[in-house]
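Asks: Please see the structure below; I have some questions.
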Amino acid sequence: MVDITHKIITQRTATAQAIVKVGSPVTMQAILNKTVPKGDVLEVARTAGLFAVKNTSNAIPDCHPMPIEYTGIRFECLEDSVLIEVTVKAIYRTGDEVEAMHGASIVALTMYDMLKPIDKNVEISTIKLLHKKGGKSDYGNKEVQKLSVAVMVCSDSVSSGKKEDKAGKVITEKIKNLGLSISKYSVIPDEIIDIQNSIHAFCEQKIDLILITGGTGLSNRDVTPEAVLPLLDRRIPGIEEAIRSYGQDRTPYAMLSRSVVGFKGDTLIMALPGSTAGASESMDAVFPSVLHLFKLLNGFDHGK
């Protein structure tokens with residue numbers, strides 16, 4: 001199966017449709033009057049659909065097992081057809097549209113099986129997804145693609161040339177995958193004055209987002225929080241908590257990180273871990289949804 005461990009958990013909703021067409025009005029009356037020899041067609045099909053939704057991962061090879069929280073199955077009986085709608089809700093890392101479509105398919109197939117002894121012209125048509133909600137499609141960055149972004153690497157070893165920068169490159173790659181570009185990239189030593197001078201310079205250049213990697217640990221040389229905190233006008237604890245919570249699900253050492261996030265004026269500053277894994281996971285934890293902040297800023301110019 002596809003690796004989804006990097007994704008965040010959100011509420012997911014999907015609704016799928018299937019249509020069962022009958023050959024005569026007599027068949028529709030038998031459905032409504034519950035006189036089909038094999039039993040109550042709609043209720044048996046509903047039960048089959050509920051089982052199908054819960055067992056989708058057993059039938060579709062690449063589907064992940066889903067913690068389904070709700071399944072609703074609705075029928076609309078027309079003159080010559082039955083419209084089936086299956087709605088599925090889950091709180092998980094991946095979408096549930098296949099579960100909804102699988103449920104709708106099995107509801108339709110169950111109806112076909114029950115009706116074929118009395119109607120040789122029954123057919124199934126139009127199995128499709130009607131709509132879905134949740135995940136990146138709802139928490140994307142379409143409105144803020146013109147942001148200016150700076151990446152700052154705080155590392156004595158990288159700045160001295162003794163070590164290659166990997167965390168900054170990971171952050172840069174993830175930013176590019178969001179459709180954004182890096183305006184500035186710098187490498188500086190773990191010194192409070194250097195960090196603060198770089199932040200002041202970027203803010204003067206009207207950089208929208210500063211991503212700092214390194215110096216958030218607990219060694220004597222980890223001073224990034226001490227440098228950043230005095231400069232912040234508004235701290236955002238929720239983003240910090242989300243980063244640590246996401247990391248803690250993956251390693252018990254995430255609780256030792258001192259990531260700091262907040263605004264200096266209209267510039268969002270995010271101080272992330274210096275390890276490659278820590279930087280990557282921190283980005284996965286809050287992007288692209290964190291970009292919604294820029295939509296909330298008064299006077300943000302979407303076209304700059």
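Ligands are numbered from 1 in the order shown, chains are lettered A, B, ... in the order of the structure tokens, and residues start at 1 in each chain.
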Hey, what's within 10 Å of segment 166-179 of chain A if we count only C-alpha atoms and toss same-chain stuff fewer than 5 positions away? As JSON, numbers by chain, please?

Replies: {"A": [140, 141, 142, 144, 145, 146, 147, 149, 150, 151, 152, 153, 154, 158, 185, 186, 187, 211, 212, 213, 214, 272, 273, 274, 275, 276, 277, 278, 279, 280, 281, 282, 283, 284, 287, 288]}

Asks: Find the spatial neighbours of segment 118-128 of chain A, counting only C-alpha atoms, within a cut-off of 6 Å - ignore same-chain residues fewer than 2 positions away - and output them as a list in words.

Replies: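 Using only C-alpha atoms, the neighbours found are Ala16, Gln17, Ala18, Ile19, Val20, Lys21, Val22, Gly23, Leu115 and Lys116 of chain A.
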
Asks: Could you list, as number ranges by chain, every residue within 7 Å of Glu69 of chain A, counting only C-alpha atoms and ignoring same-chain residues fewer than 2 positions away?

Replies: A: 67, 89-90

Asks: Filtering to C-alpha atoms, could you give me those residues as an mmCIF file, in the first residue's frame?

Replies:
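In the end it all went to out.cif:
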```cif
data_model
loop_
_atom_site.group_PDB
_atom_site.id
_atom_site.type_symbol
_atom_site.label_atom_id
_atom_site.label_comp_id
_atom_site.auth_asym_id
_atom_site.auth_seq_id
_atom_site.Cartn_x
_atom_site.Cartn_y
_atom_site.Cartn_z
ATOM 1 C CA PRO A 67 -11.840 3.728 10.951
ATOM 2 C CA LYS A 89 -17.394 9.735 7.162
ATOM 3 C CA ALA A 90 -14.070 9.006 8.834
#
```

Asks: Arg74 of chain A: which residues within 7 Å, counting only C-alpha atoms, same-chain residues fewer than 2 positions away excluded, as a PyMOL selection string?

Replies: chain A and resi 72+76+84-86

Asks: To test your reading of the structure, identify every residue in segment 34-147 of chain A that backbone DSSP assigns to alpha helix (DSSP H), and report it as a PDB file with all heavy atoms, in the first residue's frame.

Replies:
```
ATOM      1  N   VAL A  41     -35.949  -5.799  -0.705  1.00  0.00           N
ATOM      2  CA  VAL A  41     -34.781  -5.467  -1.521  1.00  0.00           C
ATOM      3  C   VAL A  41     -33.983  -4.311  -0.923  1.00  0.00           C
ATOM      4  O   VAL A  41     -32.749  -4.381  -0.800  1.00  0.00           O
ATOM      5  CB  VAL A  41     -35.211  -5.120  -2.960  1.00  0.00           C
ATOM      6  CG1 VAL A  41     -34.014  -4.611  -3.763  1.00  0.00           C
ATOM      7  CG2 VAL A  41     -35.829  -6.333  -3.626  1.00  0.00           C
ATOM      8  N   LEU A  42     -34.655  -3.245  -0.545  1.00  0.00           N
ATOM      9  CA  LEU A  42     -33.942  -2.056  -0.076  1.00  0.00           C
ATOM     10  C   LEU A  42     -33.218  -2.310   1.248  1.00  0.00           C
ATOM     11  O   LEU A  42     -32.070  -1.874   1.429  1.00  0.00           O
ATOM     12  CB  LEU A  42     -34.916  -0.877   0.060  1.00  0.00           C
ATOM     13  CG  LEU A  42     -35.621  -0.437  -1.236  1.00  0.00           C
ATOM     14  CD1 LEU A  42     -36.472   0.797  -0.982  1.00  0.00           C
ATOM     15  CD2 LEU A  42     -34.614  -0.169  -2.349  1.00  0.00           C
ATOM     16  N   GLU A  43     -33.845  -3.009   2.155  1.00  0.00           N
ATOM     17  CA  GLU A  43     -33.215  -3.248   3.458  1.00  0.00           C
ATOM     18  C   GLU A  43     -32.077  -4.260   3.371  1.00  0.00           C
ATOM     19  O   GLU A  43     -31.041  -4.107   4.024  1.00  0.00           O
ATOM     20  CB  GLU A  43     -34.260  -3.711   4.478  1.00  0.00           C
ATOM     21  CG  GLU A  43     -35.201  -2.597   4.928  1.00  0.00           C
ATOM     22  CD  GLU A  43     -34.445  -1.357   5.375  1.00  0.00           C
ATOM     23  OE1 GLU A  43     -33.539  -1.481   6.231  1.00  0.00           O
ATOM     24  OE2 GLU A  43     -34.731  -0.267   4.855  1.00  0.00           O
ATOM     25  N   VAL A  44     -32.266  -5.290   2.552  1.00  0.00           N
ATOM     26  CA  VAL A  44     -31.172  -6.258   2.372  1.00  0.00           C
ATOM     27  C   VAL A  44     -29.985  -5.574   1.695  1.00  0.00           C
ATOM     28  O   VAL A  44     -28.827  -5.758   2.089  1.00  0.00           O
ATOM     29  CB  VAL A  44     -31.646  -7.471   1.550  1.00  0.00           C
ATOM     30  CG1 VAL A  44     -30.454  -8.374   1.227  1.00  0.00           C
ATOM     31  CG2 VAL A  44     -32.698  -8.261   2.320  1.00  0.00           C
ATOM     32  N   ALA A  45     -30.261  -4.747   0.682  1.00  0.00           N
ATOM     33  CA  ALA A  45     -29.190  -4.041  -0.014  1.00  0.00           C
ATOM     34  C   ALA A  45     -28.493  -3.048   0.904  1.00  0.00           C
ATOM     35  O   ALA A  45     -27.270  -2.877   0.845  1.00  0.00           O
ATOM     36  CB  ALA A  45     -29.755  -3.321  -1.241  1.00  0.00           C
ATOM     37  N   ARG A  46     -29.261  -2.399   1.767  1.00  0.00           N
ATOM     38  CA  ARG A  46     -28.673  -1.458   2.729  1.00  0.00           C
ATOM     39  C   ARG A  46     -27.694  -2.184   3.654  1.00  0.00           C
ATOM     40  O   ARG A  46     -26.581  -1.713   3.922  1.00  0.00           O
ATOM     41  CB  ARG A  46     -29.765  -0.780   3.551  1.00  0.00           C
ATOM     42  CG  ARG A  46     -29.249   0.347   4.455  1.00  0.00           C
ATOM     43  CD  ARG A  46     -30.302   0.773   5.479  1.00  0.00           C
ATOM     44  NE  ARG A  46     -31.582   1.051   4.847  1.00  0.00           N
ATOM     45  CZ  ARG A  46     -31.899   2.235   4.314  1.00  0.00           C
ATOM     46  NH1 ARG A  46     -31.026   3.204   4.315  1.00  0.00           N
ATOM     47  NH2 ARG A  46     -33.095   2.407   3.770  1.00  0.00           N
ATOM     48  N   THR A  47     -28.123  -3.352   4.133  1.00  0.00           N
ATOM     49  CA  THR A  47     -27.251  -4.144   5.018  1.00  0.00           C
ATOM     50  C   THR A  47     -25.976  -4.565   4.297  1.00  0.00           C
ATOM     51  O   THR A  47     -24.871  -4.478   4.839  1.00  0.00           O
ATOM     52  CB  THR A  47     -27.998  -5.385   5.525  1.00  0.00           C
ATOM     53  OG1 THR A  47     -29.175  -4.978   6.233  1.00  0.00           O
ATOM     54  CG2 THR A  47     -27.114  -6.204   6.452  1.00  0.00           C
ATOM     55  N   ALA A  48     -26.126  -4.990   3.050  1.00  0.00           N
ATOM     56  CA  ALA A  48     -24.957  -5.387   2.260  1.00  0.00           C
ATOM     57  C   ALA A  48     -24.016  -4.206   2.059  1.00  0.00           C
ATOM     58  O   ALA A  48     -22.781  -4.353   2.107  1.00  0.00           O
ATOM     59  CB  ALA A  48     -25.405  -5.935   0.912  1.00  0.00           C
ATOM     60  N   GLY A  49     -24.587  -3.022   1.856  1.00  0.00           N
ATOM     61  CA  GLY A  49     -23.773  -1.826   1.671  1.00  0.00           C
ATOM     62  C   GLY A  49     -22.980  -1.465   2.907  1.00  0.00           C
ATOM     63  O   GLY A  49     -21.819  -1.056   2.817  1.00  0.00           O
ATOM     64  N   LEU A  50     -23.584  -1.629   4.068  1.00  0.00           N
ATOM     65  CA  LEU A  50     -22.878  -1.337   5.320  1.00  0.00           C
ATOM     66  C   LEU A  50     -21.681  -2.262   5.497  1.00  0.00           C
ATOM     67  O   LEU A  50     -20.588  -1.824   5.876  1.00  0.00           O
ATOM     68  CB  LEU A  50     -23.839  -1.487   6.501  1.00  0.00           C
ATOM     69  CG  LEU A  50     -24.987  -0.474   6.584  1.00  0.00           C
ATOM     70  CD1 LEU A  50     -25.934  -0.838   7.722  1.00  0.00           C
ATOM     71  CD2 LEU A  50     -24.447   0.936   6.778  1.00  0.00           C
ATOM     72  N   PHE A  51     -21.883  -3.541   5.212  1.00  0.00           N
ATOM     73  CA  PHE A  51     -20.767  -4.495   5.294  1.00  0.00           C
ATOM     74  C   PHE A  51     -19.687  -4.152   4.266  1.00  0.00           C
ATOM     75  O   PHE A  51     -18.490  -4.255   4.541  1.00  0.00           O
ATOM     76  CB  PHE A  51     -21.261  -5.927   5.088  1.00  0.00           C
ATOM     77  CG  PHE A  51     -21.863  -6.547   6.311  1.00  0.00           C
ATOM     78  CD1 PHE A  51     -23.218  -6.875   6.354  1.00  0.00           C
ATOM     79  CD2 PHE A  51     -21.084  -6.815   7.424  1.00  0.00           C
ATOM     80  CE1 PHE A  51     -23.772  -7.449   7.495  1.00  0.00           C
ATOM     81  CE2 PHE A  51     -21.634  -7.390   8.562  1.00  0.00           C
ATOM     82  CZ  PHE A  51     -22.978  -7.712   8.598  1.00  0.00           C
ATOM     83  N   ALA A  52     -20.116  -3.761   3.066  1.00  0.00           N
ATOM     84  CA  ALA A  52     -19.158  -3.470   2.000  1.00  0.00           C
ATOM     85  C   ALA A  52     -18.254  -2.299   2.363  1.00  0.00           C
ATOM     86  O   ALA A  52     -17.042  -2.345   2.140  1.00  0.00           O
ATOM     87  CB  ALA A  52     -19.905  -3.177   0.699  1.00  0.00           C
ATOM     88  N   VAL A  53     -18.849  -1.248   2.906  1.00  0.00           N
ATOM     89  CA  VAL A  53     -18.055  -0.078   3.287  1.00  0.00           C
ATOM     90  C   VAL A  53     -16.981  -0.460   4.293  1.00  0.00           C
ATOM     91  O   VAL A  53     -15.809  -0.086   4.166  1.00  0.00           O
ATOM     92  CB  VAL A  53     -18.968   1.028   3.855  1.00  0.00           C
ATOM     93  CG1 VAL A  53     -18.128   2.133   4.512  1.00  0.00           C
ATOM     94  CG2 VAL A  53     -19.842   1.626   2.764  1.00  0.00           C
ATOM     95  N   LYS A  54     -17.381  -1.229   5.304  1.00  0.00           N
ATOM     96  CA  LYS A  54     -16.427  -1.601   6.361  1.00  0.00           C
ATOM     97  C   LYS A  54     -15.351  -2.559   5.877  1.00  0.00           C
ATOM     98  O   LYS A  54     -14.271  -2.636   6.475  1.00  0.00           O
ATOM     99  CB  LYS A  54     -17.185  -2.223   7.539  1.00  0.00           C
ATOM    100  CG  LYS A  54     -18.050  -1.233   8.293  1.00  0.00           C
ATOM    101  CD  LYS A  54     -18.655  -1.834   9.546  1.00  0.00           C
ATOM    102  CE  LYS A  54     -19.752  -2.806   9.226  1.00  0.00           C
ATOM    103  NZ  LYS A  54     -20.451  -3.290  10.449  1.00  0.00           N
ATOM    104  N   THR A  56     -13.998  -2.631   2.666  1.00  0.00           N
ATOM    105  CA  THR A  56     -13.417  -2.191   1.396  1.00  0.00           C
ATOM    106  C   THR A  56     -11.956  -2.595   1.274  1.00  0.00           C
ATOM    107  O   THR A  56     -11.499  -3.040   0.215  1.00  0.00           O
ATOM    108  CB  THR A  56     -13.559  -0.669   1.237  1.00  0.00           C
ATOM    109  OG1 THR A  56     -14.947  -0.313   1.274  1.00  0.00           O
ATOM    110  CG2 THR A  56     -12.955  -0.199  -0.076  1.00  0.00           C
ATOM    111  N   SER A  57     -11.190  -2.440   2.340  1.00  0.00           N
ATOM    112  CA  SER A  57      -9.750  -2.747   2.271  1.00  0.00           C
ATOM    113  C   SER A  57      -9.490  -4.224   2.029  1.00  0.00           C
ATOM    114  O   SER A  57      -8.405  -4.598   1.565  1.00  0.00           O
ATOM    115  CB  SER A  57      -9.045  -2.302   3.556  1.00  0.00           C
ATOM    116  OG  SER A  57      -9.541  -3.012   4.680  1.00  0.00           O
ATOM    117  N   ASN A  58     -10.467  -5.082   2.316  1.00  0.00           N
ATOM    118  CA  ASN A  58     -10.319  -6.515   2.042  1.00  0.00           C
ATOM    119  C   ASN A  58     -10.599  -6.859   0.580  1.00  0.00           C
ATOM    120  O   ASN A  58     -10.211  -7.931   0.105  1.00  0.00           O
ATOM    121  CB  ASN A  58     -11.260  -7.326   2.934  1.00  0.00           C
ATOM    122  CG  ASN A  58     -10.883  -7.255   4.395  1.00  0.00           C
ATOM    123  OD1 ASN A  58      -9.711  -7.133   4.729  1.00  0.00           O
ATOM    124  ND2 ASN A  58     -11.872  -7.319   5.272  1.00  0.00           N
ATOM    125  N   ALA A  59     -11.282  -5.938  -0.112  1.00  0.00           N
ATOM    126  CA  ALA A  59     -11.656  -6.200  -1.505  1.00  0.00           C
ATOM    127  C   ALA A  59     -10.791  -5.441  -2.499  1.00  0.00           C
ATOM    128  O   ALA A  59     -10.542  -5.926  -3.607  1.00  0.00           O
ATOM    129  CB  ALA A  59     -13.129  -5.830  -1.726  1.00  0.00           C
ATOM    130  N   GLU A  97     -13.402   8.025  -0.324  1.00  0.00           N
ATOM    131  CA  GLU A  97     -14.258   7.973  -1.498  1.00  0.00           C
ATOM    132  C   GLU A  97     -14.380   6.568  -2.084  1.00  0.00           C
ATOM    133  O   GLU A  97     -15.434   6.196  -2.617  1.00  0.00           O
ATOM    134  CB  GLU A  97     -13.778   8.952  -2.588  1.00  0.00           C
ATOM    135  CG  GLU A  97     -12.367   8.717  -3.091  1.00  0.00           C
ATOM    136  CD  GLU A  97     -11.330   9.575  -2.387  1.00  0.00           C
ATOM    137  OE1 GLU A  97     -11.492   9.823  -1.175  1.00  0.00           O
ATOM    138  OE2 GLU A  97     -10.368   9.979  -3.055  1.00  0.00           O
ATOM    139  N   VAL A  98     -13.318   5.757  -2.014  1.00  0.00           N
ATOM    140  CA  VAL A  98     -13.407   4.383  -2.522  1.00  0.00           C
ATOM    141  C   VAL A  98     -14.378   3.578  -1.664  1.00  0.00           C
ATOM    142  O   VAL A  98     -15.141   2.747  -2.175  1.00  0.00           O
ATOM    143  CB  VAL A  98     -12.019   3.719  -2.565  1.00  0.00           C
ATOM    144  CG1 VAL A  98     -12.130   2.250  -2.961  1.00  0.00           C
ATOM    145  CG2 VAL A  98     -11.113   4.452  -3.542  1.00  0.00           C
ATOM    146  N   GLU A  99     -14.359   3.822  -0.351  1.00  0.00           N
ATOM    147  CA  GLU A  99     -15.302   3.141   0.541  1.00  0.00           C
ATOM    148  C   GLU A  99     -16.743   3.470   0.156  1.00  0.00           C
ATOM    149  O   GLU A  99     -17.624   2.592   0.122  1.00  0.00           O
ATOM    150  CB  GLU A  99     -15.041   3.540   1.994  1.00  0.00           C
ATOM    151  CG  GLU A  99     -13.857   2.853   2.647  1.00  0.00           C
ATOM    152  CD  GLU A  99     -12.509   3.319   2.109  1.00  0.00           C
ATOM    153  OE1 GLU A  99     -12.443   4.385   1.460  1.00  0.00           O
ATOM    154  OE2 GLU A  99     -11.506   2.615   2.350  1.00  0.00           O
ATOM    155  N   ALA A 100     -17.009   4.746  -0.143  1.00  0.00           N
ATOM    156  CA  ALA A 100     -18.359   5.148  -0.539  1.00  0.00           C
ATOM    157  C   ALA A 100     -18.758   4.518  -1.866  1.00  0.00           C
ATOM    158  O   ALA A 100     -19.884   4.015  -2.019  1.00  0.00           O
ATOM    159  CB  ALA A 100     -18.434   6.675  -0.623  1.00  0.00           C
ATOM    160  N   MET A 101     -17.827   4.501  -2.820  1.00  0.00           N
ATOM    161  CA  MET A 101     -18.136   3.913  -4.132  1.00  0.00           C
ATOM    162  C   MET A 101     -18.284   2.397  -4.046  1.00  0.00           C
ATOM    163  O   MET A 101     -19.127   1.801  -4.730  1.00  0.00           O
ATOM    164  CB  MET A 101     -17.050   4.286  -5.135  1.00  0.00           C
ATOM    165  CG  MET A 101     -17.010   5.778  -5.451  1.00  0.00           C
ATOM    166  SD  MET A 101     -15.754   6.212  -6.674  1.00  0.00           S
ATOM    167  CE  MET A 101     -16.464   5.494  -8.145  1.00  0.00           C
ATOM    168  N   HIS A 102     -17.457   1.767  -3.199  1.00  0.00           N
ATOM    169  CA  HIS A 102     -17.579   0.323  -3.015  1.00  0.00           C
ATOM    170  C   HIS A 102     -18.936  -0.010  -2.392  1.00  0.00           C
ATOM    171  O   HIS A 102     -19.623  -0.958  -2.821  1.00  0.00           O
ATOM    172  CB  HIS A 102     -16.451  -0.180  -2.112  1.00  0.00           C
ATOM    173  CG  HIS A 102     -16.434  -1.660  -1.946  1.00  0.00           C
ATOM    174  ND1 HIS A 102     -16.329  -2.274  -0.711  1.00  0.00           N
ATOM    175  CD2 HIS A 102     -16.527  -2.679  -2.844  1.00  0.00           C
ATOM    176  CE1 HIS A 102     -16.333  -3.580  -0.873  1.00  0.00           C
ATOM    177  NE2 HIS A 102     -16.457  -3.853  -2.154  1.00  0.00           N
ATOM    178  N   GLY A 103     -19.337   0.797  -1.399  1.00  0.00           N
ATOM    179  CA  GLY A 103     -20.646   0.580  -0.777  1.00  0.00           C
ATOM    180  C   GLY A 103     -21.775   0.724  -1.779  1.00  0.00           C
ATOM    181  O   GLY A 103     -22.690  -0.115  -1.843  1.00  0.00           O
ATOM    182  N   ALA A 104     -21.721   1.779  -2.599  1.00  0.00           N
ATOM    183  CA  ALA A 104     -22.772   1.999  -3.599  1.00  0.00           C
ATOM    184  C   ALA A 104     -22.808   0.861  -4.611  1.00  0.00           C
ATOM    185  O   ALA A 104     -23.888   0.420  -5.039  1.00  0.00           O
ATOM    186  CB  ALA A 104     -22.540   3.335  -4.303  1.00  0.00           C
ATOM    187  N   SER A 105     -21.636   0.377  -4.998  1.00  0.00           N
ATOM    188  CA  SER A 105     -21.568  -0.722  -5.973  1.00  0.00           C
ATOM    189  C   SER A 105     -22.218  -1.989  -5.435  1.00  0.00           C
ATOM    190  O   SER A 105     -22.971  -2.670  -6.150  1.00  0.00           O
ATOM    191  CB  SER A 105     -20.101  -1.006  -6.331  1.00  0.00           C
ATOM    192  OG  SER A 105     -19.478   0.129  -6.884  1.00  0.00           O
ATOM    193  N   ILE A 106     -21.912  -2.316  -4.184  1.00  0.00           N
ATOM    194  CA  ILE A 106     -22.456  -3.548  -3.594  1.00  0.00           C
ATOM    195  C   ILE A 106     -23.948  -3.421  -3.320  1.00  0.00           C
ATOM    196  O   ILE A 106     -24.702  -4.406  -3.461  1.00  0.00           O
ATOM    197  CB  ILE A 106     -21.683  -3.913  -2.308  1.00  0.00           C
ATOM    198  CG1 ILE A 106     -20.227  -4.239  -2.649  1.00  0.00           C
ATOM    199  CG2 ILE A 106     -22.343  -5.087  -1.590  1.00  0.00           C
ATOM    200  CD1 ILE A 106     -20.054  -5.378  -3.635  1.00  0.00           C
ATOM    201  N   VAL A 107     -24.399  -2.232  -2.945  1.00  0.00           N
ATOM    202  CA  VAL A 107     -25.845  -2.022  -2.798  1.00  0.00           C
ATOM    203  C   VAL A 107     -26.529  -2.310  -4.127  1.00  0.00           C
ATOM    204  O   VAL A 107     -27.530  -3.039  -4.191  1.00  0.00           O
ATOM    205  CB  VAL A 107     -26.144  -0.582  -2.332  1.00  0.00           C
ATOM    206  CG1 VAL A 107     -27.651  -0.306  -2.423  1.00  0.00           C
ATOM    207  CG2 VAL A 107     -25.675  -0.367  -0.902  1.00  0.00           C
ATOM    208  N   ALA A 108     -25.980  -1.757  -5.198  1.00  0.00           N
ATOM    209  CA  ALA A 108     -26.577  -1.955  -6.523  1.00  0.00           C
ATOM    210  C   ALA A 108     -26.507  -3.415  -6.940  1.00  0.00           C
ATOM    211  O   ALA A 108     -27.487  -3.971  -7.494  1.00  0.00           O
ATOM    212  CB  ALA A 108     -25.855  -1.080  -7.543  1.00  0.00           C
ATOM    213  N   LEU A 109     -25.400  -4.064  -6.710  1.00  0.00           N
ATOM    214  CA  LEU A 109     -25.244  -5.461  -7.111  1.00  0.00           C
ATOM    215  C   LEU A 109     -26.179  -6.368  -6.315  1.00  0.00           C
ATOM    216  O   LEU A 109     -26.734  -7.339  -6.853  1.00  0.00           O
ATOM    217  CB  LEU A 109     -23.793  -5.903  -6.912  1.00  0.00           C
ATOM    218  CG  LEU A 109     -23.398  -7.269  -7.484  1.00  0.00           C
ATOM    219  CD1 LEU A 109     -23.677  -7.323  -8.977  1.00  0.00           C
ATOM    220  CD2 LEU A 109     -21.928  -7.544  -7.199  1.00  0.00           C
ATOM    221  N   THR A 110     -26.372  -6.046  -5.048  1.00  0.00           N
ATOM    222  CA  THR A 110     -27.312  -6.821  -4.226  1.00  0.00           C
ATOM    223  C   THR A 110     -28.731  -6.687  -4.762  1.00  0.00           C
ATOM    224  O   THR A 110     -29.492  -7.667  -4.846  1.00  0.00           O
ATOM    225  CB  THR A 110     -27.248  -6.356  -2.767  1.00  0.00           C
ATOM    226  OG1 THR A 110     -25.921  -6.533  -2.273  1.00  0.00           O
ATOM    227  CG2 THR A 110     -28.218  -7.150  -1.896  1.00  0.00           C
ATOM    228  N   MET A 111     -29.095  -5.453  -5.127  1.00  0.00           N
ATOM    229  CA  MET A 111     -30.423  -5.254  -5.706  1.00  0.00           C
ATOM    230  C   MET A 111     -30.567  -6.032  -7.012  1.00  0.00           C
ATOM    231  O   MET A 111     -31.612  -6.661  -7.259  1.00  0.00           O
ATOM    232  CB  MET A 111     -30.658  -3.758  -5.949  1.00  0.00           C
ATOM    233  CG  MET A 111     -30.776  -2.945  -4.661  1.00  0.00           C
ATOM    234  SD  MET A 111     -31.125  -1.205  -4.987  1.00  0.00           S
ATOM    235  CE  MET A 111     -32.745  -1.321  -5.739  1.00  0.00           C
ATOM    236  N   TYR A 112     -29.533  -6.010  -7.837  1.00  0.00           N
ATOM    237  CA  TYR A 112     -29.568  -6.757  -9.089  1.00  0.00           C
ATOM    238  C   TYR A 112     -29.791  -8.249  -8.824  1.00  0.00           C
ATOM    239  O   TYR A 112     -30.627  -8.898  -9.481  1.00  0.00           O
ATOM    240  CB  TYR A 112     -28.256  -6.542  -9.856  1.00  0.00           C
ATOM    241  CG  TYR A 112     -28.144  -7.354 -11.121  1.00  0.00           C
ATOM    242  CD1 TYR A 112     -28.593  -6.852 -12.334  1.00  0.00           C
ATOM    243  CD2 TYR A 112     -27.613  -8.645 -11.103  1.00  0.00           C
ATOM    244  CE1 TYR A 112     -28.497  -7.595 -13.497  1.00  0.00           C
ATOM    245  CE2 TYR A 112     -27.518  -9.400 -12.254  1.00  0.00           C
ATOM    246  CZ  TYR A 112     -27.958  -8.877 -13.451  1.00  0.00           C
ATOM    247  OH  TYR A 112     -27.876  -9.615 -14.589  1.00  0.00           O
ATOM    248  N   ASP A 113     -29.056  -8.786  -7.873  1.00  0.00           N
ATOM    249  CA  ASP A 113     -29.165 -10.209  -7.556  1.00  0.00           C
ATOM    250  C   ASP A 113     -30.567 -10.577  -7.085  1.00  0.00           C
ATOM    251  O   ASP A 113     -31.091 -11.647  -7.437  1.00  0.00           O
ATOM    252  CB  ASP A 113     -28.144 -10.577  -6.489  1.00  0.00           C
ATOM    253  CG  ASP A 113     -28.243 -12.022  -6.067  1.00  0.00           C
ATOM    254  OD1 ASP A 113     -27.951 -12.904  -6.915  1.00  0.00           O
ATOM    255  OD2 ASP A 113     -28.635 -12.282  -4.912  1.00  0.00           O
ATOM    256  N   MET A 114     -31.189  -9.694  -6.298  1.00  0.00           N
ATOM    257  CA  MET A 114     -32.512  -9.990  -5.766  1.00  0.00           C
ATOM    258  C   MET A 114     -33.610  -9.815  -6.807  1.00  0.00           C
ATOM    259  O   MET A 114     -34.665 -10.458  -6.724  1.00  0.00           O
ATOM    260  CB  MET A 114     -32.789  -9.103  -4.553  1.00  0.00           C
ATOM    261  CG  MET A 114     -31.834  -9.357  -3.386  1.00  0.00           C
ATOM    262  SD  MET A 114     -32.245  -8.388  -1.926  1.00  0.00           S
ATOM    263  CE  MET A 114     -33.734  -9.223  -1.359  1.00  0.00           C
ATOM    264  N   LEU A 115     -33.360  -8.951  -7.800  1.00  0.00           N
ATOM    265  CA  LEU A 115     -34.408  -8.647  -8.783  1.00  0.00           C
ATOM    266  C   LEU A 115     -34.336  -9.488 -10.058  1.00  0.00           C
ATOM    267  O   LEU A 115     -35.330  -9.612 -10.781  1.00  0.00           O
ATOM    268  CB  LEU A 115     -34.338  -7.156  -9.159  1.00  0.00           C
ATOM    269  CG  LEU A 115     -34.662  -6.163  -8.044  1.00  0.00           C
ATOM    270  CD1 LEU A 115     -34.401  -4.741  -8.516  1.00  0.00           C
ATOM    271  CD2 LEU A 115     -36.108  -6.317  -7.585  1.00  0.00           C
TER     272      LEU A 115
END
```

Asks: Separation of atom CA of Asp208 of chain A and atom CA of Asp266 of chain A, in Å?

Replies: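 If I compute the distance from atom CA of Asp208 of chain A to atom CA of Asp266 of chain A, I get 6.8 Å.
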
Asks: Counting only C-alpha atoms, what is within 7 Å of segment 246-255 of chain A, bar same-chain residues fewer than 3 positions away, as a PyMOL selection string?

Replies: chain A and resi 242-243+281+285

Asks: How would the residues just picked look written out with C-alpha atoms as a PDB file, in the first residue's frame?

Replies:
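So the final result, stored in again_39.pdb, reads:
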```pdb
ATOM      1  CA  ALA A 242       0.750  20.542  16.277  1.00  0.00           C
ATOM      2  CA  ILE A 243       4.393  20.123  15.248  1.00  0.00           C
ATOM      3  CA  GLU A 281       8.022  15.934   9.738  1.00  0.00           C
ATOM      4  CA  ALA A 285       2.565  18.408  10.280  1.00  0.00           C
TER       5      ALA A 285
END
```

Asks: Would you return as a PyMOL selection string the members of segment 2-233 of chain A that DSSP assigns to strand (DSSP E) on this structure's backbone?

Replies: chain A and resi 10-21+68-77+81-92+123-133+148-154+181-188+209-213

Asks: May I have the residues within 12 Å of Lys133 of chain A as a list in words, using only C-alpha atoms and disregarding those fewer than 5 positions away in the same chain?

Replies: Thr10, Gln11, Arg12, Thr13, Ala14, Thr15, Thr87, Val88, Lys89, Ala90, Ile91, Thr94, Gly95, Asp96, Glu97, Asp138 and Tyr139 of chain A

Asks: Here is a test: counting only C-alpha atoms, which residue of A:Leu180, A:Val223, A:Ile207, A:Val260 is nearest to Ser155 of chain A?

Replies: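 Closest candidate: A:Val223.
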